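Undergrad: Coordinates in input-v2.csv, CSV, C-alpha atoms, are listed below.
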chain,number,residue,atom,x,y,z
A,1,MET,CA,-35.9,4.3,-23.0
A,2,ILE,CA,-33.2,6.7,-24.4
A,3,GLU,CA,-31.3,8.9,-22.1
A,4,TYR,CA,-28.6,11.6,-22.9
A,5,VAL,CA,-26.3,13.0,-20.4
A,6,ASP,CA,-24.3,16.0,-21.7
A,7,SER,CA,-20.8,17.1,-20.8
A,8,ASP,CA,-22.0,19.8,-18.4
A,9,LYS,CA,-24.2,17.2,-16.6
A,10,LYS,CA,-27.2,19.6,-16.9
A,11,ASN,CA,-29.6,18.1,-19.4
A,12,VAL,CA,-31.1,14.7,-19.5
A,13,LEU,CA,-33.2,13.7,-22.4
A,14,VAL,CA,-35.5,10.7,-21.8
A,15,LEU,CA,-37.6,9.1,-24.5
A,16,ALA,CA,-39.7,6.0,-24.0
A,17,GLN,CA,-39.8,3.4,-26.8
A,18,LEU,CA,-41.6,0.1,-27.1
A,19,ASN,CA,-40.8,-2.1,-30.0
A,20,HIS,CA,-42.6,-5.4,-30.4
A,21,GLU,CA,-42.9,-5.6,-26.7
A,22,ILE,CA,-39.1,-5.3,-26.2
A,23,ARG,CA,-37.9,-2.4,-24.2
A,24,THR,CA,-34.7,-0.9,-25.6
A,25,THR,CA,-32.5,1.1,-23.3
A,26,MET,CA,-30.0,3.5,-24.9
A,27,LYS,CA,-27.9,6.2,-23.2
A,28,ILE,CA,-25.3,8.6,-24.7
A,29,PHE,CA,-22.8,10.2,-22.4
A,30,SER,CA,-20.2,13.0,-22.8
A,31,ASN,CA,-20.0,13.9,-19.1
A,32,PHE,CA,-16.3,12.9,-18.8
A,33,GLU,CA,-12.9,14.3,-19.5
A,34,SER,CA,-12.6,15.4,-23.2
A,35,GLY,CA,-16.2,14.4,-23.8
A,36,ASN,CA,-17.9,16.4,-26.5
A,37,ILE,CA,-21.2,15.7,-28.3
A,38,HIS,CA,-24.7,17.1,-28.6
A,39,VAL,CA,-27.6,14.7,-29.2
A,40,VAL,CA,-30.2,16.3,-31.5
A,41,SER,CA,-32.5,13.3,-31.4
A,42,ALA,CA,-32.3,9.6,-30.6
A,43,GLU,CA,-35.7,8.1,-31.1
A,44,SER,CA,-34.3,4.7,-31.9
A,45,PRO,CA,-30.9,3.0,-32.3
A,46,GLN,CA,-31.5,3.2,-36.1
A,47,SER,CA,-31.7,7.0,-36.0
A,48,ILE,CA,-29.1,8.7,-33.7
A,49,GLN,CA,-28.8,12.4,-34.8
A,50,LEU,CA,-25.7,14.3,-33.4
A,51,THR,CA,-23.9,17.5,-33.7
A,52,ILE,CA,-20.5,18.6,-32.4
A,53,PRO,CA,-20.3,21.5,-29.9
A,54,ALA,CA,-17.7,24.2,-30.6
A,55,ASP,CA,-14.7,25.0,-28.5
A,56,ASN,CA,-15.6,27.5,-25.7
A,57,GLN,CA,-16.0,31.1,-26.9
A,58,THR,CA,-15.3,30.0,-30.6
A,59,GLU,CA,-17.1,28.6,-33.6
A,60,ILE,CA,-14.5,25.9,-34.0
A,61,SER,CA,-16.1,22.4,-34.0
A,62,GLN,CA,-14.5,19.2,-35.0
A,63,TRP,CA,-13.5,17.1,-31.9
A,64,PHE,CA,-16.1,14.6,-30.7
A,65,HIS,CA,-15.9,12.0,-27.9
A,66,PHE,CA,-18.8,10.1,-26.4
A,67,ARG,CA,-20.0,6.9,-24.9
A,68,LEU,CA,-22.9,4.8,-26.1
A,69,GLU,CA,-24.7,2.4,-23.7
A,70,SER,CA,-27.2,0.3,-25.5
A,71,ASP,CA,-28.3,-3.3,-26.4
A,72,ALA,CA,-25.5,-5.4,-27.8
A,73,HIS,CA,-25.8,-7.2,-31.1
A,74,GLN,CA,-28.4,-4.6,-32.4
A,75,PRO,CA,-27.8,-2.4,-35.5
A,76,HIS,CA,-27.1,1.3,-34.7
A,77,HIS,CA,-27.1,4.1,-37.3
A,78,PHE,CA,-25.4,7.4,-36.4
A,79,THR,CA,-25.5,10.7,-38.2
A,80,ILE,CA,-23.2,13.7,-37.2
A,81,ASN,CA,-24.8,16.7,-38.8
A,82,GLU,CA,-23.7,20.3,-39.7
A,83,LEU,CA,-20.2,19.4,-40.6
A,84,ALA,CA,-20.1,21.7,-43.6
A,85,THR,CA,-19.6,24.5,-41.0
A,86,SER,CA,-17.0,22.5,-39.0
A,87,ALA,CA,-13.5,23.8,-38.6
A,88,TYR,CA,-12.1,21.5,-41.4
A,89,PRO,CA,-15.0,20.1,-43.6
A,90,GLU,CA,-12.3,18.4,-45.9
A,91,GLY,CA,-11.2,16.4,-42.8
A,92,TRP,CA,-14.4,14.3,-43.0
A,93,THR,CA,-13.8,13.0,-46.6
A,94,ASP,CA,-12.4,9.4,-46.4
A,95,TYR,CA,-12.4,9.7,-42.6
A,96,ASP,CA,-13.4,6.6,-40.5
A,97,VAL,CA,-14.6,6.9,-36.9
A,98,VAL,CA,-12.5,5.7,-34.0
A,99,ALA,CA,-14.1,3.4,-31.5
A,100,SER,CA,-13.2,1.3,-28.5
A,101,TYR,CA,-14.8,-1.1,-26.0
A,102,ASP,CA,-11.9,-1.1,-23.5
A,103,ARG,CA,-10.3,2.3,-24.1
A,104,GLU,CA,-7.1,0.5,-24.9
A,105,GLU,CA,-7.7,-0.8,-28.4
A,106,TRP,CA,-9.1,1.8,-30.8
A,107,PHE,CA,-10.3,0.5,-34.1
A,108,ARG,CA,-12.0,2.2,-37.1
A,109,ILE,CA,-15.6,2.1,-38.2
A,110,PRO,CA,-16.2,2.9,-41.9
A,111,ALA,CA,-18.1,6.2,-42.4
A,112,GLN,CA,-19.5,8.2,-45.3
A,113,PHE,CA,-19.5,12.0,-45.8
A,114,ASP,CA,-22.0,13.7,-48.1
A,115,GLY,CA,-20.6,17.3,-47.6
A,116,ASN,CA,-22.6,18.0,-44.5
A,117,ALA,CA,-23.3,14.8,-42.6
A,118,LEU,CA,-21.1,11.9,-41.5
A,119,THR,CA,-23.0,8.6,-41.2
A,120,PHE,CA,-21.9,5.3,-40.0
A,121,ASP,CA,-23.5,2.0,-39.0
A,122,PHE,CA,-22.3,-0.4,-36.3
A,123,ILE,CA,-23.5,-3.4,-34.4
A,124,PRO,CA,-21.9,-3.3,-30.9
A,125,GLU,CA,-20.6,-6.5,-29.4
A,126,HIS,CA,-20.9,-5.2,-25.9
A,127,GLU,CA,-23.3,-2.9,-24.0
A,128,SER,CA,-20.9,0.1,-23.7
A,129,MET,CA,-18.4,1.6,-26.1
A,130,TYR,CA,-16.6,4.8,-26.9
A,131,PHE,CA,-16.4,6.8,-30.1
A,132,ALA,CA,-13.9,9.6,-30.8
A,133,TYR,CA,-12.4,11.7,-33.5
A,134,PHE,CA,-9.0,10.2,-32.6
A,135,ALA,CA,-7.9,8.0,-29.8
A,136,PRO,CA,-7.9,10.2,-26.6
A,137,TYR,CA,-4.8,10.7,-24.5
A,138,SER,CA,-6.1,11.2,-21.0
A,139,TYR,CA,-4.8,13.5,-18.3
A,140,ASP,CA,-4.2,10.5,-16.1
A,141,ARG,CA,-2.0,9.0,-18.8
A,142,HIS,CA,-0.3,12.4,-19.2
A,143,GLN,CA,0.5,12.4,-15.5
A,144,ASP,CA,1.7,8.8,-15.7
A,145,LEU,CA,4.1,9.7,-18.5
A,146,LEU,CA,5.5,12.7,-16.6
A,147,HIS,CA,6.0,10.8,-13.3
A,148,SER,CA,7.4,7.6,-14.9
A,149,ALA,CA,9.9,9.8,-16.8
A,150,GLN,CA,11.0,11.6,-13.7
A,151,THR,CA,12.2,8.4,-12.1
A,152,HIS,CA,15.0,8.2,-14.6
A,153,PRO,CA,18.2,9.7,-13.1
A,154,ALA,CA,18.7,12.0,-16.2
A,155,CYS,CA,15.1,13.5,-16.0
A,156,LYS,CA,13.7,16.3,-14.0
A,157,LEU,CA,10.0,17.2,-13.8
A,158,GLU,CA,9.1,20.8,-13.3
A,159,THR,CA,5.8,22.8,-13.2
A,160,LEU,CA,6.4,26.1,-15.0
A,161,GLY,CA,3.1,27.6,-13.8
A,162,HIS,CA,-0.6,27.1,-14.3
A,163,THR,CA,-3.2,27.5,-17.0
A,164,LEU,CA,-6.3,29.7,-16.7
A,165,ASP,CA,-8.2,26.6,-15.5
A,166,ASN,CA,-5.4,26.0,-12.9
A,167,ASN,CA,-3.9,23.0,-14.5
A,168,ASP,CA,-0.1,22.4,-14.5
A,169,ILE,CA,2.1,23.5,-17.3
A,170,SER,CA,4.7,20.6,-17.0
A,171,LEU,CA,8.2,20.5,-18.4
A,172,LEU,CA,10.5,17.5,-18.6
A,173,THR,CA,14.2,18.3,-18.7
A,174,ILE,CA,16.2,15.3,-19.9
A,175,GLY,CA,19.9,15.3,-19.7
A,176,GLU,CA,22.4,17.2,-17.5
A,177,PRO,CA,22.5,20.9,-18.7
A,178,SER,CA,25.9,22.3,-19.5
A,179,PRO,CA,27.2,25.2,-21.7
A,180,GLU,CA,28.7,22.6,-24.2
A,181,LYS,CA,25.4,20.8,-24.9
A,182,LYS,CA,22.8,21.7,-27.5
A,183,ASN,CA,19.3,22.5,-26.4
A,184,ILE,CA,16.5,20.6,-28.1
A,185,TRP,CA,12.8,21.4,-27.4
A,186,ILE,CA,9.9,19.2,-28.2
A,187,ILE,CA,6.3,20.3,-27.5
A,188,GLY,CA,2.9,18.8,-28.3
A,189,ARG,CA,-0.8,19.4,-28.2
A,190,GLN,CA,-0.9,23.1,-28.7
A,191,HIS,CA,-4.1,22.0,-30.4
A,192,PRO,CA,-5.6,19.7,-27.8
A,193,GLY,CA,-7.7,17.6,-30.0
A,194,GLU,CA,-4.6,16.5,-31.9
A,195,THR,CA,-4.0,13.7,-29.4
A,196,MET,CA,-1.7,11.8,-31.7
A,197,ALA,CA,0.9,14.4,-30.7
A,198,GLU,CA,1.1,13.2,-27.1
A,199,TRP,CA,1.1,9.5,-28.2
A,200,PHE,CA,4.1,10.5,-30.4
A,201,ILE,CA,5.8,12.2,-27.5
A,202,GLU,CA,5.2,9.2,-25.3
A,203,GLY,CA,7.1,7.0,-27.9
A,204,LEU,CA,10.0,9.5,-28.1
A,205,VAL,CA,10.4,9.9,-24.4
A,206,LEU,CA,10.2,6.2,-23.6
A,207,ARG,CA,13.0,5.5,-26.2
A,208,LEU,CA,15.0,8.4,-24.9
A,209,LEU,CA,14.9,7.0,-21.3
A,210,ASP,CA,15.5,3.4,-22.3
A,211,GLU,CA,18.8,2.4,-20.7
A,212,THR,CA,19.3,-0.3,-23.3
A,213,ASP,CA,18.8,2.0,-26.3
A,214,THR,CA,22.1,3.5,-27.5
A,215,VAL,CA,20.3,6.3,-29.5
A,216,GLY,CA,18.9,7.8,-26.3
A,217,ARG,CA,22.1,7.3,-24.4
A,218,SER,CA,24.2,8.8,-27.1
A,219,LEU,CA,21.9,11.8,-27.4
A,220,LEU,CA,22.0,12.6,-23.7
A,221,ASP,CA,25.8,12.7,-23.8
A,222,ASN,CA,25.6,15.6,-26.2
A,223,VAL,CA,22.3,17.4,-25.7
A,224,VAL,CA,19.6,18.4,-23.3
A,225,ILE,CA,16.1,17.7,-24.4
A,226,ARG,CA,13.2,19.7,-22.9
A,227,VAL,CA,9.8,18.2,-23.5
A,228,VAL,CA,6.3,19.7,-22.9
A,229,PRO,CA,4.1,16.7,-23.7
A,230,ASN,CA,0.8,18.7,-23.4
A,231,MET,CA,0.9,22.5,-24.0
A,232,ASN,CA,-2.9,22.7,-23.6
A,233,PRO,CA,-4.3,20.7,-20.7
A,234,ASP,CA,-7.3,23.0,-20.4
A,235,GLY,CA,-8.5,22.4,-23.9
A,236,SER,CA,-7.6,18.7,-23.6
A,237,ILE,CA,-9.8,18.2,-20.5
A,238,ARG,CA,-12.7,20.4,-21.9
A,239,GLY,CA,-12.9,18.4,-25.2
A,240,HIS,CA,-11.6,21.2,-27.5
A,241,LEU,CA,-10.1,20.7,-30.9
A,242,ARG,CA,-7.9,23.7,-31.2
A,243,THR,CA,-8.0,26.2,-28.4
A,244,ASN,CA,-7.4,26.7,-24.7
A,245,GLY,CA,-10.1,27.2,-22.0
A,246,ILE,CA,-11.0,30.7,-23.2
A,247,GLY,CA,-10.9,29.9,-26.9
A,248,VAL,CA,-7.4,31.1,-27.7
A,249,ASN,CA,-5.4,29.3,-30.4
A,250,LEU,CA,-2.0,28.9,-28.7
A,251,ASN,CA,-0.2,28.4,-32.0
A,252,ARG,CA,-1.0,32.0,-32.9
A,253,GLU,CA,0.3,33.5,-29.7
A,254,TRP,CA,4.1,33.1,-29.9
A,255,GLN,CA,4.9,36.6,-31.0
A,256,THR,CA,3.1,38.3,-28.1
A,257,PRO,CA,1.8,35.8,-25.5
A,258,SER,CA,0.3,37.0,-22.2
A,259,MET,CA,-0.5,35.5,-18.9
A,260,ASP,CA,-4.1,36.7,-19.4
A,261,ARG,CA,-4.7,34.9,-22.7
A,262,SER,CA,-2.0,32.3,-23.2
A,263,PRO,CA,0.1,31.5,-20.1
A,264,GLU,CA,0.9,28.2,-21.6
A,265,VAL,CA,3.0,29.8,-24.4
A,266,PHE,CA,4.2,32.7,-22.2
A,267,LEU,CA,5.8,30.5,-19.6
A,268,VAL,CA,7.3,28.0,-22.1
A,269,ARG,CA,8.7,30.9,-24.2
A,270,GLU,CA,10.3,32.5,-21.1
A,271,ARG,CA,12.2,29.3,-20.4
A,272,MET,CA,13.3,29.1,-24.0
A,273,LEU,CA,14.7,32.6,-23.8
A,274,GLU,CA,16.5,31.7,-20.6
A,275,VAL,CA,18.2,28.5,-21.8
A,276,GLY,CA,18.2,28.8,-25.6
A,277,VAL,CA,17.0,26.6,-28.5
A,278,ASP,CA,19.2,24.8,-31.1
A,279,MET,CA,16.4,22.6,-32.5
A,280,PHE,CA,12.6,22.7,-32.1
A,281,LEU,CA,9.9,20.2,-32.9
A,282,ASP,CA,6.2,21.1,-32.5
A,283,ILE,CA,4.1,18.0,-32.8
A,284,HIS,CA,0.6,18.2,-34.4
A,285,GLY,CA,-2.1,16.4,-36.3
A,286,ASP,CA,-3.7,17.4,-39.6
A,287,GLU,CA,-7.4,16.9,-40.2
A,288,ALA,CA,-7.3,16.7,-44.0
A,289,ILE,CA,-3.9,15.5,-45.3
A,290,PRO,CA,-3.5,11.7,-45.0
A,291,TYR,CA,0.3,11.7,-44.7
A,292,ASN,CA,3.0,12.3,-42.1
A,293,PHE,CA,5.0,15.4,-43.1
A,294,VAL,CA,6.9,18.4,-41.7
A,295,ALA,CA,6.6,22.1,-42.2
A,296,GLY,CA,9.7,24.3,-42.0
A,297,SER,CA,10.5,27.9,-41.5
A,298,GLU,CA,11.3,28.9,-45.2
A,299,GLY,CA,9.3,32.1,-44.9
A,300,THR,CA,11.1,33.6,-41.8
A,301,PRO,CA,13.3,36.7,-42.5
A,302,SER,CA,16.5,35.0,-41.3
A,303,TYR,CA,16.0,31.7,-43.3
A,304,ASN,CA,19.3,30.9,-45.0
A,305,ALA,CA,21.4,28.2,-46.6
A,306,ARG,CA,22.5,26.8,-43.2
A,307,ILE,CA,18.9,26.3,-42.0
A,308,ALA,CA,17.9,24.8,-45.4
A,309,HIS,CA,20.8,22.3,-45.1
A,310,LEU,CA,19.7,21.3,-41.6
A,311,GLU,CA,16.1,20.8,-42.8
A,312,ASN,CA,17.2,18.7,-45.7
A,313,HIS,CA,19.6,16.7,-43.5
A,314,PHE,CA,16.8,16.0,-41.0
A,315,LYS,CA,14.3,15.0,-43.6
A,316,GLN,CA,16.7,12.7,-45.4
A,317,ALA,CA,17.5,11.0,-42.1
A,318,LEU,CA,13.9,10.5,-41.3
A,319,LEU,CA,13.1,9.2,-44.9
A,320,THR,CA,15.9,6.6,-44.4
A,321,ILE,CA,14.7,5.6,-40.9
A,322,THR,CA,11.0,5.0,-41.6
A,323,PRO,CA,8.6,4.6,-44.5
A,324,GLU,CA,5.9,6.3,-42.4
A,325,PHE,CA,7.5,9.6,-43.3
A,326,GLN,CA,7.3,11.3,-46.8
A,327,ASP,CA,8.2,14.7,-48.2
A,328,GLU,CA,6.0,14.9,-51.3
A,329,PHE,CA,2.7,16.0,-49.7
A,330,GLY,CA,2.2,18.7,-47.1
A,331,TYR,CA,1.7,22.4,-46.7
A,332,ASP,CA,2.7,25.0,-49.3
A,333,LYS,CA,5.9,26.7,-48.3
A,334,ASP,CA,5.8,30.3,-47.2
A,335,GLU,CA,7.3,32.9,-49.6
A,336,PRO,CA,10.5,34.4,-48.3
A,337,GLY,CA,9.9,36.9,-45.5
A,338,LYS,CA,6.2,36.2,-45.3
A,339,ALA,CA,6.0,33.6,-42.6
A,340,ASN,CA,3.4,34.1,-39.8
A,341,LEU,CA,5.6,34.7,-36.8
A,342,THR,CA,2.7,34.1,-34.4
A,343,VAL,CA,3.1,30.4,-35.2
A,344,GLY,CA,5.3,28.5,-32.8
A,345,SER,CA,7.8,26.9,-35.2
A,346,ASN,CA,8.2,30.2,-37.2
A,347,TRP,CA,8.8,32.3,-34.1
A,348,VAL,CA,11.2,29.9,-32.6
A,349,GLY,CA,13.1,29.5,-35.9
A,350,GLU,CA,13.4,33.2,-36.3
A,351,GLN,CA,14.2,34.0,-32.7
A,352,PHE,CA,16.9,31.4,-32.2
A,353,LYS,CA,18.1,31.0,-35.9
A,354,CYS,CA,17.7,27.3,-35.5
A,355,LEU,CA,16.2,24.2,-37.1
A,356,SER,CA,12.5,24.5,-36.3
A,357,TYR,CA,9.8,22.1,-37.6
A,358,THR,CA,6.1,21.6,-37.2
A,359,VAL,CA,5.5,17.8,-37.4
A,360,GLU,CA,2.1,16.7,-38.7
A,361,MET,CA,0.4,13.3,-38.5
A,362,PRO,CA,-3.0,12.4,-40.0
A,363,PHE,CA,-6.4,12.0,-38.2
A,364,LYS,CA,-7.3,9.6,-41.1
A,365,ASP,CA,-4.6,7.2,-42.2
A,366,HIS,CA,-1.2,7.4,-43.8
A,367,ILE,CA,-2.6,6.3,-47.1
A,368,SER,CA,0.9,5.2,-48.4
A,369,HIS,CA,0.8,2.5,-45.8
A,370,ALA,CA,-3.0,2.2,-45.1
A,371,ASP,CA,-4.4,0.1,-42.3
A,372,GLU,CA,-8.1,-0.6,-42.8
A,373,LEU,CA,-8.8,-1.8,-39.3
A,374,TYR,CA,-6.9,0.9,-37.3
A,375,GLY,CA,-5.9,3.7,-39.7
A,376,TRP,CA,-3.4,6.1,-38.2
A,377,SER,CA,-3.4,4.9,-34.6
A,378,PRO,CA,-1.9,5.5,-31.1
A,379,GLU,CA,0.5,2.6,-31.7
A,380,ARG,CA,1.8,4.1,-35.0
A,381,SER,CA,2.1,7.5,-33.4
A,382,VAL,CA,4.2,6.0,-30.6
A,383,ALA,CA,6.4,4.2,-33.2
A,384,PHE,CA,6.8,7.4,-35.2
A,385,GLY,CA,8.0,9.3,-32.1
A,386,HIS,CA,10.4,6.4,-31.5
A,387,ASP,CA,11.8,6.7,-35.0
A,388,MET,CA,12.0,10.5,-35.0
A,389,LEU,CA,14.4,10.4,-32.0
A,390,ALA,CA,16.8,8.6,-34.3
A,391,ALA,CA,16.5,11.4,-36.9
A,392,VAL,CA,17.3,13.9,-34.1
A,393,TRP,CA,20.3,11.8,-33.2
A,394,ALA,CA,21.4,11.8,-36.8
A,395,THR,CA,21.1,15.6,-37.0
A,396,VAL,CA,22.7,16.7,-33.7
A,397,ASP,CA,26.3,16.9,-35.1
A,398,GLU,CA,25.0,19.3,-37.8
A,399,LEU,CA,23.5,21.8,-35.4
Output the file's structure in the form of structure tokens.

TA:
Amino acid sequence: MIEYVDSDKKNVLVLAQLNHEIRTTMKIFSNFESGNIHVVSAESPQSIQLTIPADNQTEISQWFHFRLESDAHQPHHFTINELATSAYPEGWTDYDVVASYDREEWFRIPAQFDGNALTFDFIPEHESMYFAYFAPYSYDRHQDLLHSAQTHPACKLETLGHTLDNNDISLLTIGEPSPEKKNIWIIGRQHPGETMAEWFIEGLVLRLLDETDTVGRSLLDNVVIRVVPNMNPDGSIRGHLRTNGIGVNLNREWQTPSMDRSPEVFLVRERMLEVGVDMFLDIHGDEAIPYNFVAGSEGTPSYNARIAHLENHFKQALLTITPEFQDEFGYDKDEPGKANLTVGSNWVGEQFKCLSYTVEMPFKDHISHADELYGWSPERSVAFGHDMLAAVWATVDEL
């Protein structure tokens, strides 16, 4: 018997199958937080045909997350179809699927992409396992991060307001504000499927609040760091790749946000205008490029030699600190004066005339330091956040 329970808990597909007098039971679930898959057909474990539903009110499809319950030690063959029309078809080339039995260790399953379908074969060791585009970062873990951080005497947790789905827009203010201190802002998961961003922020926050770490202690003597670990809780919970609950790309809302479309950006931006920004890091993941890199604000109207110096100083510090970072591969730089000011890092850089970077990590692997078993992973994202805090420390005196 094969049963499918979708993310809306509405449709159940049951197919009976007898094979050499052995009854095989297989179920596929996506009826949980960030779950997202559609079962086209599943007549046997050797022919599981899937597609990826789009973000609500959009045609953007890329994020998947589902659970398989089936017989252990039996071959399973999966096909995810219609990927030529996904948001980033190039993201499937050389991509390996992420999977877990215990939701703690996420390993890679080799996959093949033919231009439209991603296929992979696997023999489960246990009856239940999860598959995802990247290791999920749950809302419970998000709340654990926030409330663990607030127990540090230098940290304050605040709810700026609520999303359209009535989830909290949470801000951590770390360090005692004063007119003499610089204001650093770090945000993540404007695009909710880019879960590596919140893993990164977890690493950065944990180091910042580690009483035995002199980098964090030194920083908090001189700066206030404001962190929004998850800018898009609605999309995160719904299983979206790129948009909030009503299909709005938050990273195209920074010039004219509204409470009707993008309260997440509106409320964070209002606090920025109130307290100021001297440095901004917007943490993301890139579907196609298998490297860690940063994108600056070269195309903003006010870009000048001072900002260029700060960008170069920060990049050189990060290159010195960790081999996980490189500056050869990344996005093409905007031509002078032609930056898209609806993008967060461009708007912040222009508004506050400050160092403003988009930080990108891969969904695939950092191929300069490839890991066949895990690829780019939660653990490496955490470590990269840990390392980037040192680059922030190395740049503060230049701000």

Undergrad: Which polymer residues have any atom within 9 Å of an atom of Leu209 in chain A, counting only C-alpha atoms, with same-chain residues fewer than 5 positions away left out, as number ranges by chain?

TA: A: 149, 152, 154-155, 174, 204, 216-217

Undergrad: Would you pick out the contacts of range 110-122 of chain A at 6 Å or less, using all atoms listed in the file, so that residues sharing its chain but fewer than 6 positions from it are not included, and give the list as a VMD selection string?

TA: chain A and resid 75 to 84 93 96

Undergrad: List every residue of range 156-257 of chain A that has an atom at most 12 Å from any atom of range 329-345 of chain A, giving for each one its closest atom pair and the distance in Å to one decimal, counting all atoms listed in the file, sorted by chain and then by ascending residue number, as CSV.

TA:
residue,atom,partner,partner_atom,distance
A:Trp185,CA,A:Ser345,CA,10.8
A:Ile186,CA,A:Ser345,CA,10.6
A:Ile187,CA,A:Gly344,CA,9.8
A:Gly188,CA,A:Gly344,CA,11.0
A:Arg189,CA,A:Gly344,CA,11.9
A:Gln190,CA,A:Gly344,CA,9.2
A:His191,CA,A:Gly344,CA,11.7
A:Met231,CA,A:Gly344,CA,11.5
A:Asn249,CA,A:Val343,CA,9.8
A:Leu250,CA,A:Gly344,CA,8.4
A:Asn251,CA,A:Val343,CA,5.0
A:Arg252,CA,A:Thr342,CA,4.5
A:Glu253,CA,A:Thr342,CA,5.3
A:Trp254,CA,A:Thr342,CA,4.8
A:Gln255,CA,A:Thr342,CA,4.8
A:Thr256,CA,A:Thr342,CA,7.6
A:Pro257,CA,A:Thr342,CA,9.1

Undergrad: Can you pull out every residue within 8 Å of Ser381 in chain A, counting all atoms listed in the file, but drop anything in the same chain fewer than 4 positions away, and send it as a ChimeraX atom specification?

TA: /A:196-197,199-200,203,361,376-377,385

Undergrad: Store the residues picked out above, limited to C-alpha atoms, as a CSV table (one decimal), keeping the file's coordinate frame.

TA:
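Output contents, as saved in result21.csv:
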chain,number,residue,atom,x,y,z
A,196,MET,CA,-1.7,11.8,-31.7
A,197,ALA,CA,0.9,14.4,-30.7
A,199,TRP,CA,1.1,9.5,-28.2
A,200,PHE,CA,4.1,10.5,-30.4
A,203,GLY,CA,7.1,7.0,-27.9
A,361,MET,CA,0.4,13.3,-38.5
A,376,TRP,CA,-3.4,6.1,-38.2
A,377,SER,CA,-3.4,4.9,-34.6
A,385,GLY,CA,8.0,9.3,-32.1

Undergrad: Work out how far apart CA of Gly239 in chain A and CA of Asp365 in chain A are and give it in Å to one decimal.

TA: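 Those two atoms sit 22.0 Å apart.
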
Undergrad: What separation in Å, quoted to one decimal, exists between CA of Pro290 in chain A and CA of Thr51 in chain A?

TA: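 Straight-line distance from CA of Pro290 in chain A to CA of Thr51 in chain A works out to 24.0 Å.
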
Undergrad: Report as a list in words all protein, DNA and RNA residues lying within 6 Å of Ile307 in chain A, evaluated on all atoms listed in the file, omitting residues in the same chain fewer than 3 positions from it.

TA: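 Final neighbour list, sorted by chain and number: Asn304, Leu310 and Leu355 of chain A.
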
Undergrad: Would you please work out which residue, of A:Ala72, A:Ile225, A:Val215, A:Ala132, is nearest to Lys156 in chain A when using only C-alpha atoms?

TA: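 Looking at the shortest contact to Lys156 in chain A, the residue is A:Ile225.
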
Undergrad: Could you tell me how far CA of Leu281 in chain A lies from CA of Ile367 in chain A, in Å and to one decimal?

TA: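 That distance, rounded to one decimal, is 23.5 Å.
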
Undergrad: With distances taken over all atoms listed in the file, which of A:Glu43, A:Asp282, A:Asp371, A:Glu198 is nearest to Val348 in chain A?

TA: A:Asp282

Undergrad: Which residues come within 10 Å of Gln57 in chain A, counting all atoms listed in the file, excluding same-chain residues fewer than 4 positions away, as a PyMOL selection string?

TA: chain A and resi 243-248

Undergrad: Grab the residues selected above and save them as a compact mmCIF listing (two decimals), keeping the file's coordinate frame with C-alpha atoms.

TA:
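Written file, result.txt:
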# COMPACT_ATOMS: atom_id res chain seq x y z
CA THR A 243 -8.00 26.20 -28.40
CA ASN A 244 -7.40 26.70 -24.70
CA GLY A 245 -10.10 27.20 -22.00
CA ILE A 246 -11.00 30.70 -23.20
CA GLY A 247 -10.90 29.90 -26.90
CA VAL A 248 -7.40 31.10 -27.70
